[in-house]
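What follows is a short report on a single structure.
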Amino acid sequence: MRKFYLILLLFSTVGCASSNLNERGLVTEQAMVVSAHPLASAVGADILRRGGNAVDAAVAVQFALAVVYPDAGNLGGGGFLVLRLQDRRIDALDYREKAPAAAHRNMYLNEKGEVIKGLSVKGHLAAGVPGTVDGMVQVHEKYGSLPWRELVQPAVLLAARGFPLTKLEAKKLNENRKDFIRYSTQRPDFILKSRWKKGDTLRLKELASTLERIRDKGRAGFYEGPTAQLIVAEMQRGKGLISKADLQNYSAVWRSPLTGTYKDYTVISMPPPSSGGLALLQLLTITSDYPVADWGWNTTKTAHFMIEAERRVYADRAKHLGDPDFYQVPVAGLLDKTYLKRRMCNFSLKHATDSDDIAPGEPGPPEAKHTTHYSIVDQQGNAVSVTTTLNSSFGSKVFVGGAGFLLNNEMDDFSIKPGHPNTYGLLGGDANAVESGKRMLSSMTPTILEKDGNLFMVVGSPGGSTIITSVYQTILNVTAHNLPMQGAVNAGRFHHQWEPDVVLAEKKAFTLGRFLGLWWKGHKVIPLSRTIGRVDAILVLPDGKLEGGADPRGDDAAAGF
Ligand code: GLY
């Protein structure tokens with residue numbers, strides 16, 4: 001009886017399933033940028049108009065987001081970039097943060113071996129060595145066409161002249177003010193006003209000076225000289241670990257993108273240390289054996305199947321994924337079709353499986369809560385998919401005194417103690433334990449799809465553990481359910497990650513009947529008052545035009561021509 005009342009209570013909070021599934025986004029003839037902020041998208045589109053390529057635009061957007069979207073845009077964080085050139089060459093850049101050299105396995109535990117609450121999430125010890133500036137320098141050196149300074153200059157101007165705050169940004173700055181004061185050792189420009197409101201101009205003088213140094217000196221403008229000194233001084237004041245040597249030694253890494261096929265599509269995504277590409281390919285490979293298109297969008301049957309696939313894939317993630325430079329990730333074994341079929345052998349269309357009955361699988365032996373995504377296609381057809389992050393919203397909440405930017409709290413993406421969930425509830429073990437100089441496991445899933453050898457979609461999302469499922473659903477919304485790009489992004493989302501054994505669902509993900517159907521099968525579906533993911537994507541239409549999908553859950557915007 002109690003269960004019945006609980007279900008009734010939950011129903012009363014469920015809304016209607018998405019009604020804007022057929023909405024088309026901005027359609028342009030030649031080029032497009034979709035990002036989390038209209039000003040950043042405008043900067044990227046302007047670079048493309050001036051003859052820059054998609055990589056040039058990506059660099060400019062990264063720096064612009066560091067100014068106008070400080071909750072996730074960053075200088076003090078990291079990210080992953082996947083690109084596909086118009087001649088079909090593909091590449092992936094890992095500019096993920098690294099654990100400082102002085103980091104060690106038990107650094108977040110007390111003498112009894114218990115986790116010290118919050119230490120990996122807020123404050124100086126939560127920060128990994130930032131990778132963004134080196135990443136941007138490396139991608140520009142390899143693929144850029146316009147001069148470096150022209151790509152950083154728009155961000156310098158935005159910071160120096162100021163820009164109007166959106167309602168959402170003003171709210172978030174106000175909500176985080178107390179934490180900024182508590183965790184920063186000096187007062188940043190972001191708290192000059194005690195209460196921001198929509199339309200207020202935010203001028204960031206210290207950040208403008210840091211960006212000028214990066215503009216004029218490239219890598220050395222951040223990892224050496226005054227900026228490095230300010231970071232090290234901040235660490236000394238706040239008892240953090242990042243040293244001068246950590247900054248000098250940081251280097252982004254070029255990796256081979258992970259590729260696979262799903263029906264008529266080639267999927268190009270990020271390999272470890274992100275779990276995103278691998279988990280996405282596992283999900284899509286499993287899905288190719290089931291008629292989800294016939295079952296329909298977010299029907300009980302489709303959602304039940306997707307939840308069961310997600311349960312198994314996230315169990316694998318918890319055990320087998322980590323930094324490939326420290327741990328041999330069994331990539332081929334995890335993607336093996338027979339292995340994935342075996343993972344689904346106890347799947348029943350009738351009822352949910354208990355997560356306690358789904359241990360991480362044993363694949364074949366190894367072969368030798370905030371982030372932001374942007375998607376870019378240029379006039380030549382080059383495509384760039386970038387997901388970049390400070391981890392949680394505004395990262396560690398630590399501003400580097402005198403330098404005006406936030407440091408990440410990416411250390412929490414490590415498994416700080418086996419079996420202890422991170423801020424996203426994700427579990428991990430040895431593969432992702434803290435080690436000096438190691439990269440923490442990520443869920444970021446910047447992805448590009450080809451169809452019949454041609455560019456088809458550029459897609460990605462923020463959202464911690466929900467990134468993978470948001471990207472998975474968006475891809476299925478277009479490829480299986482024929483939604484336009486904007487409709488696919490609008491569509492209500494749901495998420496399951498093995499543990500905790502619950503399905504998180506946006507209110508618009510399911511009709512009441514489908515919601516009831518899922519409970520009936522044994523899924524603990526929790527309707528959320530918040531949203532899941534913020535997907536920014538571009539679809540190449542059959543006539544070659546580009547359709548943007550800018551997520552209405554935020555201020556996200558498409559721009560192009
Ligand atoms: N910090 C979120 C992620 O990398 O998955």
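Chain labels A, B, ... are given in the sequence in which chains occur in the structure tokens; within each chain residues are numbered consecutively from 1, and ligands are likewise numbered from 1 in the order shown.
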
Practice task
Could the residues that lie within 6 Å of ligand 1, counting only C-alpha atoms and all ligand atoms, be listed as an MDAnalysis selection string?
Solution key: chainID A and resid 391 410 442:444 464

Mind dumping the selected residues with all heavy atoms as a PDB file, in the first residue's frame?
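Produced file part-v9.pdb, reproduced below:
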ATOM      1  N   ASN A 391      34.376  20.850 -13.669  1.00  0.00           N
ATOM      2  CA  ASN A 391      33.646  19.803 -12.950  1.00  0.00           C
ATOM      3  C   ASN A 391      32.339  20.379 -12.420  1.00  0.00           C
ATOM      4  O   ASN A 391      31.431  20.610 -13.190  1.00  0.00           O
ATOM      5  CB  ASN A 391      34.479  19.129 -11.854  1.00  0.00           C
ATOM      6  CG  ASN A 391      33.787  17.855 -11.361  1.00  0.00           C
ATOM      7  OD1 ASN A 391      32.920  17.337 -12.053  1.00  0.00           O
ATOM      8  ND2 ASN A 391      34.150  17.358 -10.212  1.00  0.00           N
ATOM      9  N   GLU A 410      38.196  19.058 -10.184  1.00  0.00           N
ATOM     10  CA  GLU A 410      38.181  17.809 -10.947  1.00  0.00           C
ATOM     11  C   GLU A 410      38.697  16.615 -10.147  1.00  0.00           C
ATOM     12  O   GLU A 410      38.447  15.471 -10.511  1.00  0.00           O
ATOM     13  CB  GLU A 410      39.049  18.003 -12.199  1.00  0.00           C
ATOM     14  CG  GLU A 410      38.499  17.371 -13.431  1.00  0.00           C
ATOM     15  CD  GLU A 410      37.242  18.040 -13.915  1.00  0.00           C
ATOM     16  OE1 GLU A 410      37.294  19.179 -14.399  1.00  0.00           O
ATOM     17  OE2 GLU A 410      36.183  17.401 -13.813  1.00  0.00           O
ATOM     18  N   SER A 442      36.571  10.646 -16.779  1.00  0.00           N
ATOM     19  CA  SER A 442      35.543  11.618 -17.146  1.00  0.00           C
ATOM     20  C   SER A 442      34.368  10.919 -17.810  1.00  0.00           C
ATOM     21  O   SER A 442      34.475   9.773 -18.256  1.00  0.00           O
ATOM     22  CB  SER A 442      36.156  12.627 -18.124  1.00  0.00           C
ATOM     23  OG  SER A 442      35.165  13.459 -18.668  1.00  0.00           O
ATOM     24  N   SER A 443      33.246  11.615 -17.873  1.00  0.00           N
ATOM     25  CA  SER A 443      32.098  11.127 -18.650  1.00  0.00           C
ATOM     26  C   SER A 443      31.894  11.965 -19.908  1.00  0.00           C
ATOM     27  O   SER A 443      30.923  11.745 -20.650  1.00  0.00           O
ATOM     28  CB  SER A 443      30.820  11.207 -17.815  1.00  0.00           C
ATOM     29  OG  SER A 443      30.947  10.429 -16.663  1.00  0.00           O
ATOM     30  N   MET A 444      32.764  12.930 -20.142  1.00  0.00           N
ATOM     31  CA  MET A 444      32.521  13.860 -21.249  1.00  0.00           C
ATOM     32  C   MET A 444      32.554  13.115 -22.585  1.00  0.00           C
ATOM     33  O   MET A 444      33.424  12.282 -22.809  1.00  0.00           O
ATOM     34  CB  MET A 444      33.531  14.994 -21.219  1.00  0.00           C
ATOM     35  CG  MET A 444      33.323  15.886 -20.003  1.00  0.00           C
ATOM     36  SD  MET A 444      34.279  17.405 -20.052  1.00  0.00           S
ATOM     37  CE  MET A 444      35.884  16.837 -19.577  1.00  0.00           C
ATOM     38  N   GLY A 464      27.909  15.826 -15.925  1.00  0.00           N
ATOM     39  CA  GLY A 464      28.545  14.763 -15.134  1.00  0.00           C
ATOM     40  C   GLY A 464      28.180  13.399 -15.680  1.00  0.00           C
ATOM     41  O   GLY A 464      28.270  13.138 -16.874  1.00  0.00           O
TER      42      GLY A 464
END

Exercise for the section: Run DSSP on the backbone of this structure and report the residues of region 256-471 of chain A it assigns to alpha helix (DSSP H), as JSON, numbers by chain. Expected result: {"A": [276, 277, 278, 279, 280, 281, 282, 283, 284, 285, 286, 287, 292, 293, 294, 295, 300, 301, 302, 303, 304, 305, 306, 307, 308, 309, 310, 311, 312, 313, 314, 315, 316, 317, 318, 319, 320, 331, 332, 333, 334, 335, 337, 338, 339, 340, 341, 342, 343, 466, 467, 468, 469, 470, 471]}

Handout entry: One-decimal distance in Å that lies between CA of Trp196 (chain A) and CA of Met235 (chain A)
Key = 28.4 Å

Handout entry: region 377-389 of chain A surroundings by only C-alpha atoms, 7 Å radius, close-in-sequence under 2 positions cut, as number ranges by chain
Key = A: 30-33, 48, 53-55, 72-74, 77-86, 370-375, 391, 444, 446-448, 458-460

Practice task
Kindly give the distance, in Å, that separates CA of Arg343 (chain A) and CA of Thr261 (chain A), rounded to a single decimal.
Solution key: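 We find that CA of Arg343 (chain A) and CA of Thr261 (chain A) lie 18.8 Å from each other.
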
Exercise for the section: Write out as a list in words all residues of region 300-446 of chain A that backbone DSSP assigns to strand (DSSP E). Expected result: His370, Thr371, Thr372, His373, Tyr374, Ser375, Ile376, Val377, Ala383, Val384, Ser385, Val386, Thr387, Thr388, Thr389, Leu390 and Asn391 of chain A

Using C-alpha atoms, can you export the residues from the last selection as an mmCIF file, in the first residue's frame?
data_model
loop_
_atom_site.group_PDB
_atom_site.id
_atom_site.type_symbol
_atom_site.label_atom_id
_atom_site.label_comp_id
_atom_site.auth_asym_id
_atom_site.auth_seq_id
_atom_site.Cartn_x
_atom_site.Cartn_y
_atom_site.Cartn_z
ATOM 1 C CA HIS A 370 29.063 21.177 -14.408
ATOM 2 C CA THR A 371 30.539 21.247 -17.712
ATOM 3 C CA THR A 372 29.775 22.802 -21.069
ATOM 4 C CA HIS A 373 29.742 21.599 -24.646
ATOM 5 C CA TYR A 374 29.985 23.394 -27.983
ATOM 6 C CA SER A 375 29.676 22.176 -31.544
ATOM 7 C CA ILE A 376 31.101 23.874 -34.636
ATOM 8 C CA VAL A 377 30.939 23.271 -38.398
ATOM 9 C CA ALA A 383 33.674 19.821 -37.583
ATOM 10 C CA VAL A 384 34.801 20.289 -33.995
ATOM 11 C CA SER A 385 33.082 18.882 -30.908
ATOM 12 C CA VAL A 386 34.350 20.199 -27.573
ATOM 13 C CA THR A 387 33.309 19.475 -24.006
ATOM 14 C CA THR A 388 35.126 21.514 -21.372
ATOM 15 C CA THR A 389 34.715 21.764 -17.645
ATOM 16 C CA LEU A 390 35.602 22.894 -14.140
ATOM 17 C CA ASN A 391 33.646 19.803 -12.950
#

Exercise for the section: Could you check how far CA of Ile191 (chain A) sits from CA of Lys171 (chain A), in Å to one decimal? Expected result: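 That distance, rounded to one decimal, is 12.5 Å.
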
Practice task
Compare A:Arg213, A:His495, A:Lys319, A:Arg439 by their minimum atom-to-atom distance to Pro273 (chain A), counting only C-alpha atoms, and give me the closest one.
Solution key: A:Arg439

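Checking A:Ile467, A:Leu427, A:Asn454, A:Asp354 one by one against Val502 (chain A), counting only C-alpha atoms, you find the shortest gap at A:Asp354.
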
Exercise for the section: Would you kindly return, as a list of chain:residue names, each protein, DNA or RNA residue with an atom no farther than 10 Å from any atom of region 477-482 of chain A, considering only C-alpha atoms and excluding same-chain residues fewer than 2 positions away? Expected result: A:Leu21, A:Asn22, A:Tyr262, A:Lys263, A:Asp264, A:Tyr265, A:Pro291, A:Val292, A:Ala293, A:Asp294, A:Trp295, A:Gly296, A:Trp297, A:Asn298, A:Met457, A:Val471, A:Tyr472, A:Gln473, A:Thr474, A:Ile475, A:Pro484, A:Met485, A:Gln486, A:Gly487, A:Ala488, A:Val489, A:Ala491, A:Leu539

Practice task
Quick one: everything within 9 Å of His124 (chain A), counting only C-alpha atoms, minus sequence neighbours fewer than 5 positions away in the same chain. Send it as a PyMOL selection string.
Solution key: chain A and resi 119+183-184+234-235+238-242+396-398+407+409

Given the selection you just returned, output its residues as a file containing all heavy atoms, formatted as a tab-separated table (two decimals), in the first residue's frame.
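Output saved as again03.tsv:
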chain	number	residue	atom	x	y	z
A	119	LEU	N	36.24	17.63	0.90
A	119	LEU	CA	37.63	18.02	0.60
A	119	LEU	C	37.97	17.89	-0.88
A	119	LEU	O	38.78	18.66	-1.41
A	119	LEU	CB	38.58	17.14	1.44
A	119	LEU	CG	39.95	17.72	1.77
A	119	LEU	CD1	39.83	19.02	2.53
A	119	LEU	CD2	40.76	16.70	2.60
A	183	TYR	N	35.84	30.17	0.03
A	183	TYR	CA	36.93	29.32	-0.48
A	183	TYR	C	38.04	30.09	-1.20
A	183	TYR	O	39.09	29.53	-1.47
A	183	TYR	CB	36.37	28.22	-1.39
A	183	TYR	CG	35.55	27.23	-0.60
A	183	TYR	CD1	34.16	27.25	-0.64
A	183	TYR	CD2	36.17	26.31	0.24
A	183	TYR	CE1	33.40	26.36	0.11
A	183	TYR	CE2	35.41	25.41	1.00
A	183	TYR	CZ	34.04	25.45	0.93
A	183	TYR	OH	33.30	24.58	1.68
A	184	SER	N	37.80	31.37	-1.54
A	184	SER	CA	38.86	32.13	-2.21
A	184	SER	C	39.62	32.92	-1.16
A	184	SER	O	39.02	33.41	-0.19
A	184	SER	CB	38.27	33.08	-3.24
A	184	SER	OG	37.52	32.34	-4.19
A	234	GLU	N	48.40	31.34	-4.76
A	234	GLU	CA	47.05	30.98	-4.29
A	234	GLU	C	47.09	29.62	-3.60
A	234	GLU	O	46.48	29.41	-2.55
A	234	GLU	CB	46.08	30.94	-5.50
A	234	GLU	CG	44.64	30.62	-5.16
A	234	GLU	CD	44.01	31.65	-4.24
A	234	GLU	OE1	44.02	32.84	-4.58
A	234	GLU	OE2	43.49	31.25	-3.17
A	235	MET	N	47.81	28.69	-4.17
A	235	MET	CA	47.94	27.35	-3.58
A	235	MET	C	48.62	27.43	-2.21
A	235	MET	O	48.24	26.74	-1.27
A	235	MET	CB	48.78	26.45	-4.51
A	235	MET	CG	48.02	25.98	-5.72
A	235	MET	SD	46.73	24.81	-5.28
A	235	MET	CE	45.33	25.48	-6.14
A	238	GLY	N	46.16	28.80	0.29
A	238	GLY	CA	45.03	27.89	0.59
A	238	GLY	C	45.44	26.47	0.88
A	238	GLY	O	44.59	25.59	0.91
A	239	LYS	N	46.75	26.21	1.02
A	239	LYS	CA	47.27	24.86	1.30
A	239	LYS	C	46.87	23.85	0.22
A	239	LYS	O	46.50	22.70	0.52
A	239	LYS	CB	46.83	24.37	2.68
A	239	LYS	CG	47.29	25.27	3.82
A	239	LYS	CD	47.13	24.58	5.15
A	239	LYS	CE	47.71	25.35	6.31
A	239	LYS	NZ	47.43	26.78	6.36
A	240	GLY	N	46.95	24.30	-1.03
A	240	GLY	CA	46.70	23.38	-2.15
A	240	GLY	C	48.00	22.74	-2.60
A	240	GLY	O	49.07	23.00	-2.03
A	241	LEU	N	47.94	21.91	-3.63
A	241	LEU	CA	49.10	21.11	-4.02
A	241	LEU	C	49.76	21.53	-5.33
A	241	LEU	O	50.88	21.11	-5.61
A	241	LEU	CB	48.69	19.63	-4.17
A	241	LEU	CG	48.20	18.90	-2.93
A	241	LEU	CD1	47.95	17.43	-3.26
A	241	LEU	CD2	49.22	19.00	-1.80
A	242	ILE	N	49.09	22.33	-6.15
A	242	ILE	CA	49.63	22.60	-7.49
A	242	ILE	C	50.90	23.44	-7.37
A	242	ILE	O	50.90	24.53	-6.77
A	242	ILE	CB	48.59	23.32	-8.38
A	242	ILE	CG1	47.34	22.44	-8.54
A	242	ILE	CG2	49.18	23.65	-9.75
A	242	ILE	CD1	46.19	23.12	-9.24
A	396	SER	N	36.00	24.50	-7.95
A	396	SER	CA	36.35	24.42	-6.52
A	396	SER	C	35.88	25.65	-5.76
A	396	SER	O	36.04	25.73	-4.55
A	396	SER	CB	37.87	24.32	-6.38
A	396	SER	OG	38.46	25.47	-6.96
A	397	LYS	N	35.34	26.65	-6.48
A	397	LYS	CA	34.92	27.96	-5.93
A	397	LYS	C	36.13	28.80	-5.54
A	397	LYS	O	35.98	29.83	-4.88
A	397	LYS	CB	33.97	27.84	-4.73
A	397	LYS	CG	33.00	26.67	-4.77
A	397	LYS	CD	31.80	26.94	-5.62
A	397	LYS	CE	30.86	25.73	-5.60
A	397	LYS	NZ	29.69	25.88	-6.37
A	398	VAL	N	37.32	28.33	-5.90
A	398	VAL	CA	38.54	29.07	-5.57
A	398	VAL	C	38.94	29.93	-6.77
A	398	VAL	O	39.22	29.39	-7.86
A	398	VAL	CB	39.71	28.12	-5.26
A	398	VAL	CG1	41.01	28.90	-5.04
A	398	VAL	CG2	39.39	27.27	-4.04
A	407	LEU	N	39.47	27.88	-10.28
A	407	LEU	CA	40.12	26.58	-10.44
A	407	LEU	C	39.07	25.47	-10.39
A	407	LEU	O	38.05	25.60	-9.71
A	407	LEU	CB	41.15	26.37	-9.34
A	407	LEU	CG	42.41	27.23	-9.51
A	407	LEU	CD1	43.28	27.15	-8.26
A	407	LEU	CD2	43.22	26.80	-10.74
A	409	ASN	N	37.39	21.63	-9.70
A	409	ASN	CA	37.38	20.65	-8.60
A	409	ASN	C	37.33	19.24	-9.19
A	409	ASN	O	36.57	18.38	-8.77
A	409	ASN	CB	36.21	20.87	-7.64
A	409	ASN	CG	34.86	20.69	-8.29
A	409	ASN	OD1	34.73	20.79	-9.50
A	409	ASN	ND2	33.85	20.43	-7.49

Practice task
Give me the residues within 7 Å of Val400 (chain A) as a PyMOL selection string, counting only C-alpha atoms and dropping any in the same chain fewer than 2 places off.
Solution key: chain A and resi 230-231+234+398+402-406
